[in-house]
>>> print(open('input-v4.txt').read())   # compact mmCIF, C-alpha atoms
# COMPACT_ATOMS: atom_id res chain seq x y z
CA MET V 21 160.70 156.01 146.83
CA PHE V 22 158.87 157.15 143.71
CA LYS V 23 160.20 159.86 141.44
CA VAL V 24 156.78 161.46 140.87
CA GLY V 25 153.43 161.42 142.62
CA VAL V 26 150.25 162.74 141.02
CA ILE V 27 147.25 163.73 143.14
CA GLY V 28 144.24 164.03 140.86
CA CYS V 29 143.81 161.84 137.78
CA GLY V 30 141.40 163.88 135.67
CA ASN V 31 142.20 164.92 132.10
CA MET V 32 145.13 167.14 133.08
CA GLY V 33 146.42 164.65 135.62
CA GLU V 34 146.36 161.98 132.93
CA ALA V 35 148.12 164.33 130.49
CA ILE V 36 150.89 164.85 133.01
CA ILE V 37 151.28 161.11 133.58
CA LYS V 38 151.29 160.39 129.85
CA GLY V 39 153.79 163.18 129.13
CA LEU V 40 156.14 162.07 131.89
CA ILE V 41 156.20 158.52 130.56
CA GLU V 42 156.18 159.12 126.81
CA LYS V 43 158.12 162.39 126.50
CA ALA V 44 160.09 163.00 129.70
CA GLY V 45 161.44 159.46 129.95
CA ILE V 46 160.12 158.69 133.43
CA ASN V 47 159.59 154.97 133.95
CA SER V 48 155.97 154.17 134.78
CA THR V 49 157.13 152.20 137.82
CA SER V 50 158.54 155.46 139.22
CA ILE V 51 155.09 157.11 139.29
CA VAL V 52 152.42 156.76 141.98
CA VAL V 53 148.95 158.28 141.68
CA ASN V 54 145.89 159.03 143.76
CA ASP V 55 142.38 160.16 142.92
CA ILE V 56 139.34 160.60 145.11
CA ASN V 57 137.44 158.59 142.46
CA LYS V 58 138.90 155.11 142.91
CA GLU V 59 137.40 153.89 139.64
CA ARG V 60 139.29 156.64 137.80
CA GLN V 61 142.45 155.88 139.78
CA ASN V 62 142.26 152.20 138.88
CA TYR V 63 141.75 153.09 135.22
CA ILE V 64 144.92 155.21 135.21
CA VAL V 65 146.89 152.52 137.05
CA GLU V 66 145.91 149.86 134.51
CA LYS V 67 146.32 152.08 131.43
CA TYR V 68 149.77 153.45 132.27
CA ASN V 69 151.16 150.70 134.51
CA VAL V 70 151.74 153.15 137.37
CA ALA V 71 151.24 152.50 141.06
CA GLY V 72 148.12 153.62 142.89
CA SER V 73 147.94 154.44 146.58
CA ASP V 74 146.27 156.60 149.21
CA ILE V 75 147.13 160.28 149.25
CA ARG V 76 149.39 160.09 152.31
CA LYS V 77 151.60 157.43 150.74
CA VAL V 78 151.79 159.45 147.50
CA VAL V 79 153.18 162.43 149.41
CA ASN V 80 155.36 160.38 151.75
CA LEU V 81 157.00 158.36 148.97
CA SER V 82 157.47 160.89 146.14
CA GLU V 83 160.29 163.30 145.35
CA ILE V 84 158.02 165.49 143.20
CA VAL V 85 154.27 165.80 143.80
CA PHE V 86 151.89 167.19 141.18
CA LEU V 87 148.71 168.60 142.74
CA VAL V 88 146.02 168.45 140.06
CA VAL V 89 142.80 168.91 142.02
CA LYS V 90 140.12 171.57 141.71
CA PRO V 91 140.97 174.88 143.44
CA LYS V 92 138.05 174.43 145.84
CA ASP V 93 139.61 171.14 147.02
CA LEU V 94 143.03 172.64 147.84
CA GLN V 95 142.55 172.98 151.59
CA GLU V 96 141.03 169.54 152.04
CA SER V 97 143.70 167.85 149.92
CA LEU V 98 146.71 169.43 151.63
CA GLU V 99 145.41 169.46 155.21
CA SER V 100 145.45 165.67 155.29
CA VAL V 101 149.08 165.44 154.18
CA LYS V 102 150.78 168.69 155.25
CA ASP V 103 152.66 166.92 158.06
CA LEU V 104 154.33 164.56 155.57
CA PHE V 105 156.09 167.06 153.29
CA LYS V 106 159.86 167.36 153.63
CA GLU V 107 162.31 170.18 152.87
CA ASN V 108 163.77 168.42 149.83
CA GLN V 109 160.41 167.74 148.15
CA ILE V 110 158.86 169.69 145.27
CA LEU V 111 155.15 170.43 145.08
CA ILE V 112 153.94 171.41 141.60
CA SER V 113 150.49 173.01 141.65
CA VAL V 114 148.22 172.99 138.60
CA LEU V 115 145.46 174.90 140.40
CA ALA V 116 144.34 177.94 138.39
CA GLY V 117 144.24 181.15 140.37
CA VAL V 118 145.74 179.71 143.56
CA LYS V 119 148.86 181.66 144.46
CA ILE V 120 152.06 180.15 145.82
CA GLU V 121 151.58 182.24 148.98
CA LYS V 122 148.25 180.49 149.63
CA ILE V 123 149.79 177.05 149.19
CA LYS V 124 152.72 177.94 151.45
CA SER V 125 150.29 179.00 154.15
CA ILE V 126 149.18 175.37 154.31
CA VAL V 127 152.45 173.52 153.62
CA GLU V 128 155.71 175.24 154.53
CA LYS V 129 158.41 172.68 153.76
CA PRO V 130 158.33 171.76 150.06
CA LEU V 131 159.52 173.98 147.24
CA VAL V 132 156.30 175.15 145.56
CA VAL V 133 156.06 175.54 141.79
CA ARG V 134 152.95 176.79 139.95
CA ILE V 135 152.22 175.74 136.41
CA MET V 136 149.50 176.67 133.94
CA PRO V 137 149.23 174.11 131.12
CA ASN V 138 146.62 174.15 128.38
CA THR V 139 144.62 171.27 126.89
CA PRO V 140 147.03 170.43 124.00
CA ALA V 141 149.26 169.13 126.81
CA LEU V 142 147.08 166.03 126.41
CA ILE V 143 149.05 165.23 123.25
CA GLY V 144 152.38 166.70 124.36
CA GLU V 145 151.83 169.92 122.39
CA GLY V 146 150.82 172.24 125.18
CA VAL V 147 152.02 175.57 126.46
CA ILE V 148 153.12 175.40 130.09
CA GLY V 149 153.60 178.59 132.03
CA VAL V 150 155.72 178.01 135.16
CA SER V 151 156.61 180.13 138.19
CA PHE V 152 158.94 179.13 141.00
CA GLU V 153 158.59 180.08 144.64
CA LYS V 154 162.31 180.87 144.61
CA ASP V 155 165.40 180.08 142.60
CA THR V 156 166.52 176.49 142.95
CA GLU V 157 169.21 174.19 141.64
CA LYS V 158 166.40 171.82 140.67
CA LYS V 159 164.84 174.34 138.25
CA GLN V 160 166.21 172.73 135.08
CA GLU V 161 165.17 169.27 136.25
CA ILE V 162 161.62 170.51 136.76
CA ILE V 163 161.53 172.32 133.41
CA ASP V 164 162.81 169.17 131.66
CA LEU V 165 159.99 167.19 133.26
CA LEU V 166 157.41 169.74 132.13
CA LYS V 167 158.72 169.58 128.56
CA GLY V 168 156.94 166.24 128.37
CA LEU V 169 153.74 168.29 128.09
CA GLY V 170 154.91 170.82 125.48
CA GLU V 171 156.82 174.10 125.42
CA VAL V 172 157.68 175.61 128.79
CA PHE V 173 157.73 179.36 129.50
CA GLU V 174 159.01 180.60 132.85
CA VAL V 175 157.25 183.79 133.95
CA LYS V 176 156.74 185.83 137.10
CA GLU V 177 153.79 184.51 139.07
CA GLU V 178 151.65 187.60 138.40
CA LEU V 179 151.90 186.85 134.66
CA LEU V 180 150.37 183.38 135.00
CA ASP V 181 146.97 185.07 134.67
CA VAL V 182 148.07 186.33 131.24
CA ILE V 183 149.21 182.81 130.34
CA THR V 184 145.73 181.66 131.37
CA GLY V 185 144.00 184.27 129.19
CA LEU V 186 146.28 183.67 126.21
CA SER V 187 147.23 179.99 126.03
CA GLY V 188 144.93 178.51 128.67
CA SER V 189 141.82 179.86 126.96
CA GLY V 190 143.50 180.17 123.56
CA PRO V 191 142.61 176.69 122.27
CA ALA V 192 138.92 177.59 122.58
CA TYR V 193 139.49 180.70 120.46
CA VAL V 194 141.34 178.60 117.86
CA PHE V 195 138.64 175.91 117.82
CA THR V 196 136.04 178.62 117.26
CA PHE V 197 138.10 180.10 114.41
CA ILE V 198 138.57 176.68 112.78
CA ASP V 199 134.85 176.00 112.99
CA ALA V 200 134.13 179.43 111.46
CA LEU V 201 136.55 178.72 108.59
CA ALA V 202 134.83 175.40 108.00
CA GLN V 203 131.37 176.98 108.10
CA GLY V 204 132.56 179.48 105.51
CA GLY V 205 133.57 176.56 103.31
CA VAL V 206 130.12 175.01 103.81
CA LYS V 207 128.44 178.27 102.85
CA MET V 208 130.37 178.24 99.61
CA GLY V 209 129.60 174.60 98.79
CA LEU V 210 131.92 172.19 100.61
CA PRO V 211 130.62 169.36 102.81
CA TYR V 212 131.30 170.19 106.46
CA GLN V 213 133.64 167.27 107.17
CA ASP V 214 135.81 168.15 104.17
CA ALA V 215 135.75 171.83 105.09
CA LEU V 216 136.70 171.02 108.69
CA LYS V 217 139.70 168.91 107.62
CA ILE V 218 140.85 171.66 105.26
CA ALA V 219 140.40 174.37 107.91
CA THR V 220 142.25 172.32 110.54
CA GLN V 221 145.20 171.63 108.25
CA THR V 222 145.28 175.28 107.17
CA VAL V 223 145.64 176.45 110.77
CA LEU V 224 148.12 173.69 111.63
CA GLY V 225 150.25 174.39 108.56
CA ALA V 226 150.21 178.14 109.07
CA ALA V 227 151.25 177.75 112.72
CA LYS V 228 154.10 175.42 111.80
CA LEU V 229 155.29 177.77 109.05
CA LEU V 230 155.28 180.68 111.49
CA LYS V 231 157.16 178.69 114.12
CA GLU V 232 159.77 177.22 111.79
CA THR V 233 160.55 180.39 109.83
CA GLY V 234 160.58 182.69 112.85
CA GLU V 235 159.13 185.45 110.69
CA HIS V 236 156.79 188.12 112.05
CA PRO V 237 153.16 187.13 111.39
CA ALA V 238 152.65 190.30 109.34
CA VAL V 239 155.51 189.33 107.00
CA LEU V 240 154.01 185.92 106.28
CA ARG V 241 150.55 187.45 105.94
CA ASP V 242 151.86 189.84 103.29
CA THR V 243 153.40 186.98 101.30
CA VAL V 244 149.89 185.55 100.88
CA SER V 245 148.27 188.89 100.05
CA SER V 246 148.62 189.58 96.34
CA PRO V 247 147.54 193.04 95.08
CA ALA V 248 143.79 193.05 94.43
CA GLY V 249 143.72 189.31 95.19
CA THR V 250 141.35 187.10 97.15
CA THR V 251 143.30 187.25 100.42
CA ILE V 252 143.38 191.03 100.78
CA TYR V 253 139.65 191.13 100.13
CA GLY V 254 139.10 188.53 102.85
CA LEU V 255 141.41 190.34 105.27
CA HIS V 256 139.54 193.58 104.66
CA GLU V 257 136.32 191.86 105.74
CA LEU V 258 137.98 190.67 108.94
CA GLU V 259 139.19 194.20 109.64
CA LYS V 260 135.71 195.63 109.02
CA LYS V 261 134.35 193.17 111.60
CA ASN V 262 137.09 194.16 114.09
CA PHE V 263 138.52 190.63 114.12
CA LYS V 264 141.89 191.61 115.60
CA ASP V 265 140.33 193.83 118.25
CA ALA V 266 137.95 191.04 119.24
CA VAL V 267 140.81 188.57 119.76
CA ILE V 268 142.85 191.07 121.79
CA SER V 269 139.78 191.80 123.91
CA ALA V 270 139.18 188.08 124.44
CA VAL V 271 142.67 187.63 125.88
CA GLU V 272 142.29 190.76 128.00
CA THR V 273 138.90 189.72 129.37
CA ALA V 274 139.99 186.16 130.11
CA THR V 275 143.10 187.46 131.90
CA LYS V 276 141.00 189.75 134.09
CA ARG V 277 138.64 186.90 134.86
CA SER V 278 141.56 184.69 135.87
CA LYS V 279 142.68 187.38 138.32
CA GLU V 280 139.15 187.58 139.75
CA LEU V 281 139.08 183.84 140.31
>>> encode(input="input-v4.txt", output="structure tokens")
Amino acid sequence: MFKVGVIGCGNMGEAIIKGLIEKAGINSTSIVVNDINKERQNYIVEKYNVAGSDIRKVVNLSEIVFLVVKPKDLQESLESVKDLFKENQILISVLAGVKIEKIKSIVEKPLVVRIMPNTPALIGEGVIGVSFEKDTEKKQEIIDLLKGLGEVFEVKEELLDVITGLSGSGPAYVFTFIDALAQGGVKMGLPYQDALKIATQTVLGAAKLLKETGEHPAVLRDTVSSPAGTTIYGLHELEKKNFKDAVISAVETATKRSKEL
């Protein structure tokens, strides 16, 4: 038996495998993987020293199965293996917008868990929203596994769409903001590569300061804003351009789109 099986070895599938090995302490020999692209599967097998097999063996031989395929491939992926799942197995779905109820309509036996990770999970710094089909004594074990990808937040399933709009799409908002900071530096005379490094470290440092102090963002913002100083002038420009409203609307719109999907 394998501890973990992973069906789908794309970027997120690889992030899960990497996090399980490097952060969650799962031995690579306890992981078996499958991907429809055999070249990709072989690459993952060689890179992480995991086992590779056909999808039926992955399900039949694993205690926990991560399903990391595209939502459109859900039916096809599970139909071929639904007869193999057992009552004591756990199926963790990474399929955006696919509800637990839909998965249970195909496979009845395993405990189904939905997660919504974001791309920083690739380096173990992700946000992972998680919802459980029902309460289980294995909940902490599953959460501990997911911590290999970053910080885990358990939410009701209907709030996974908000997790998608906030942290799932959030990195794209942050990348856009960092690029805008850097472009501002270029406008005022810095070479782009220098400006980009400075902007990146500014955002990283500010985020770490916020996390480690536990202060409200407004409190830390005010510590930087001297009377009649440069920062308050810059903040006023952001307010005039409705910066805060735009970010709130981005999260709202992305959440609604997630629900539509």
>>> closest_residue(input="input-v4.txt", among="V:Glu174, V:Arg241, V:Gly30, V:Val85", to="Leu229 in chain V", atoms="only C-alpha atoms")
V:Arg241
>>> axis_aligned_box(input="input-v4.txt", around="range 189-193 of chain V", padding_each_side="6 Å", output="lines of an AutoDock Vina configuration file")
center_x = 141.2
center_y = 178.7
center_z = 123.7
size_x = 16.6
size_y = 16.0
size_z = 18.5
>>> residues_around(input="input-v4.txt", residues="Glu161 in chain V", least_positions_apart="4", cutoff="12 Å", atoms="only C-alpha atoms", output="list of chain:residue names")
V:Lys23, V:Ala44, V:Glu83, V:Ile84, V:Ile110, V:Thr156, V:Glu157, V:Leu165, V:Leu166, V:Lys167, V:Gly168
>>> atom_distance(input="input-v4.txt", atom1="CA of Phe263 in chain V", atom2="CA of Phe197 in chain V")
10.5 Å
>>> closest_residue(input="input-v4.txt", among="V:Asn47, V:Lys158, V:Glu177, V:Cys29", to="Tyr63 in chain V", atoms="all atoms listed in the file")
V:Cys29
>>> atom_distance(input="input-v4.txt", atom1="CA of Asp181 in chain V", atom2="CA of Ile148 in chain V")
12.3 Å
